[in-house]
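Undergrad: Just dropping this structure here.
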Amino acid sequence: MTMTMAYREFEYEAARNRLMATADSLESRYPKAAASLLEGLEETLTVHRLKVPGLLRETLCSTNPMESANSACRGIIRRVCNFRDDEMALRYAAAGFMGAEQGFYRVKGYKQMGVLMVMLERQTPGTLETKTA
């Protein structure tokens, strides 16, 4: 619950401070958990640093889309008893992810993607390609 509340903070510094306090409290009894939290801390706070708005933020903060894709892939792979080789395993995994793609109707908050692109461009000038139709 402590980590959930930290990630629900809108401001980067507030979220980071809460997570650092959580890591400090874990350090004595669960040093590996504390180390794991600290290892990916900055990456997990990317949406906070960028101040991604509303529904798009909720979508990007969730692992649900990836978990859903992995579940669909497992459903396909589970039906195969033996894979002849690595290539066959990769083909079935690709088929599973392509099947999962059909279930993704749209990203919640997709209308804010333009705002996200501007924010990313400000963070990394000149690295984003813009494609014109």
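Ordered as shown in the structure tokens, chains take letters A, B, and onward, while each chain numbers its residues from 1 and ligands are numbered from 1 in the order shown.
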Neighbours of range 53-57 of chain A within 8 Å (only C-alpha atoms; same-chain residues fewer than 6 positions away dropped), as a PyMOL selection string?

TA: chain A and resi 47+107-110+112-113

Undergrad: Residues near Gly103 in chain A, anyone? I mean within 10 Å using only C-alpha atoms, not counting same-chain ones fewer than 2 positions away, as a PDB file with C-alpha atoms, in the first residue's frame.

TA:
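Ended up saving to out.pdb:
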```pdb
ATOM      1  CA  PRO A  65      -1.504  -4.002 -21.037  1.00  0.00           C
ATOM      2  CA  SER A  68      -2.710  -9.004 -20.900  1.00  0.00           C
ATOM      3  CA  ALA A  69      -0.401  -9.522 -23.890  1.00  0.00           C
ATOM      4  CA  ALA A  72      -2.687 -14.140 -24.538  1.00  0.00           C
ATOM      5  CA  MET A  98      -0.469 -10.738 -32.594  1.00  0.00           C
ATOM      6  CA  GLY A  99      -3.630 -12.286 -31.165  1.00  0.00           C
ATOM      7  CA  ALA A 100      -3.284 -10.090 -28.085  1.00  0.00           C
ATOM      8  CA  GLU A 101      -3.010  -7.041 -30.323  1.00  0.00           C
ATOM      9  CA  TYR A 105      -8.840  -1.320 -28.792  1.00  0.00           C
ATOM     10  CA  ARG A 106      -7.020   1.886 -27.986  1.00  0.00           C
TER      11      ARG A 106
END
```

Undergrad: List every residue of range 60-125 of chain A that DSSP, applied to the backbone, labels as helix (DSSP H, G or I), and write the result as a ChimeraX atom specification.

TA: /A:60-61,64-77,86-101,110-123

Undergrad: Within 12 Å of Asp24 in chain A, counting only C-alpha atoms, which residues qualify if same-chain residues fewer than 5 places away don't, as an mmCIF file with N, CA and C atoms, in the first residue's frame?

TA:
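Saved file selection.cif follows:
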```
data_model
loop_
_atom_site.group_PDB
_atom_site.id
_atom_site.type_symbol
_atom_site.label_atom_id
_atom_site.label_comp_id
_atom_site.auth_asym_id
_atom_site.auth_seq_id
_atom_site.Cartn_x
_atom_site.Cartn_y
_atom_site.Cartn_z
ATOM 1 N N ASN A 17 10.420 10.871 -2.818
ATOM 2 C CA ASN A 17 10.660 10.893 -1.375
ATOM 3 C C ASN A 17 9.938 9.751 -0.668
ATOM 4 N N ARG A 18 8.713 9.496 -1.064
ATOM 5 C CA ARG A 18 7.966 8.376 -0.458
ATOM 6 C C ARG A 18 8.631 7.035 -0.763
ATOM 7 N N LEU A 19 9.089 6.866 -2.012
ATOM 8 C CA LEU A 19 9.736 5.610 -2.375
ATOM 9 C C LEU A 19 11.080 5.439 -1.672
ATOM 10 N N ARG A 29 15.333 -5.307 7.167
ATOM 11 C CA ARG A 29 14.752 -6.658 7.123
ATOM 12 C C ARG A 29 14.787 -7.295 5.739
ATOM 13 N N TYR A 30 14.668 -6.479 4.708
ATOM 14 C CA TYR A 30 14.575 -6.994 3.336
ATOM 15 C C TYR A 30 15.521 -6.226 2.419
ATOM 16 N N PRO A 31 16.820 -6.424 2.599
ATOM 17 C CA PRO A 31 17.784 -5.630 1.813
ATOM 18 C C PRO A 31 17.670 -5.839 0.302
ATOM 19 N N LYS A 32 17.323 -7.046 -0.139
ATOM 20 C CA LYS A 32 17.194 -7.287 -1.583
ATOM 21 C C LYS A 32 15.993 -6.543 -2.164
ATOM 22 N N ALA A 33 14.916 -6.485 -1.410
ATOM 23 C CA ALA A 33 13.735 -5.746 -1.871
ATOM 24 C C ALA A 33 14.056 -4.255 -1.966
ATOM 25 N N ALA A 34 14.771 -3.751 -0.971
ATOM 26 C CA ALA A 34 15.159 -2.338 -0.987
ATOM 27 C C ALA A 34 16.066 -2.052 -2.182
ATOM 28 N N ALA A 35 17.020 -2.948 -2.423
ATOM 29 C CA ALA A 35 17.939 -2.773 -3.554
ATOM 30 C C ALA A 35 17.182 -2.811 -4.881
ATOM 31 N N LEU A 37 14.029 -2.000 -5.399
ATOM 32 C CA LEU A 37 13.269 -0.759 -5.507
ATOM 33 C C LEU A 37 14.163 0.390 -5.959
ATOM 34 N N LEU A 38 15.331 0.488 -5.367
ATOM 35 C CA LEU A 38 16.246 1.575 -5.706
ATOM 36 C C LEU A 38 16.837 1.426 -7.109
#
```

Undergrad: If we count only C-alpha atoms, what is near Arg8 in chain A at a cut-off of 12 Å, once residues fewer than 2 positions away on the same chain are taken out, given as a PyMOL selection string?

TA: chain A and resi 1-6+10-12+14-16+18-19+44-45+47-48+54+57-58+61-62

Undergrad: Please report the interatomic distance between CA of Phe97 in chain A and CA of Cys73 in chain A in Å with one decimal.

TA: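 The value is 5.4 Å.
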
Undergrad: Please compute the CA of Arg91 in chain A-CA of Gly75 in chain A distance, one decimal, in Å.

TA: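 One can read the CA of Arg91 in chain A to CA of Gly75 in chain A distance as 13.9 Å.
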
Undergrad: Env of Val80 in chain A: 12 Å cut, atoms = only C-alpha atoms, seq-sep filter 6 positions within chain, self excluded. Answer as a list in words.

TA: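 Here the answer would be Cys73, Arg74, Met88, Ala89, Arg91, Tyr92, Ala93 and Gly96 of chain A.
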
Undergrad: May I have the selected residues written with C-alpha atoms, as an mmCIF file, in the first residue's frame?

TA:
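In the end it all went to selection-v9.cif:
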```cif
data_model
loop_
_atom_site.group_PDB
_atom_site.id
_atom_site.type_symbol
_atom_site.label_atom_id
_atom_site.label_comp_id
_atom_site.auth_asym_id
_atom_site.auth_seq_id
_atom_site.Cartn_x
_atom_site.Cartn_y
_atom_site.Cartn_z
ATOM 1 C CA CYS A 73 0.732 -15.365 -25.655
ATOM 2 C CA ARG A 74 0.778 -18.039 -22.931
ATOM 3 C CA MET A 88 8.973 -22.636 -33.966
ATOM 4 C CA ALA A 89 8.747 -21.323 -30.389
ATOM 5 C CA ARG A 91 6.637 -18.138 -34.307
ATOM 6 C CA TYR A 92 4.074 -19.292 -31.762
ATOM 7 C CA ALA A 93 5.039 -16.496 -29.364
ATOM 8 C CA GLY A 96 0.228 -15.084 -29.399
#
```

Undergrad: Using CA of Glu67 in chain A and CA of Glu42 in chain A as the two end points, give the distance in Å to one decimal.

TA: 21.8 Å

Undergrad: Please determine, counting only C-alpha atoms, which residue among A:Gln102, A:Gln123, A:Ser28, A:Thr22 has the shortest atom-to-atom distance to Thr46 in chain A.

TA: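 Between A:Gln102, A:Gln123, A:Ser28, A:Thr22, the residue approaching Thr46 in chain A most closely is A:Gln123.
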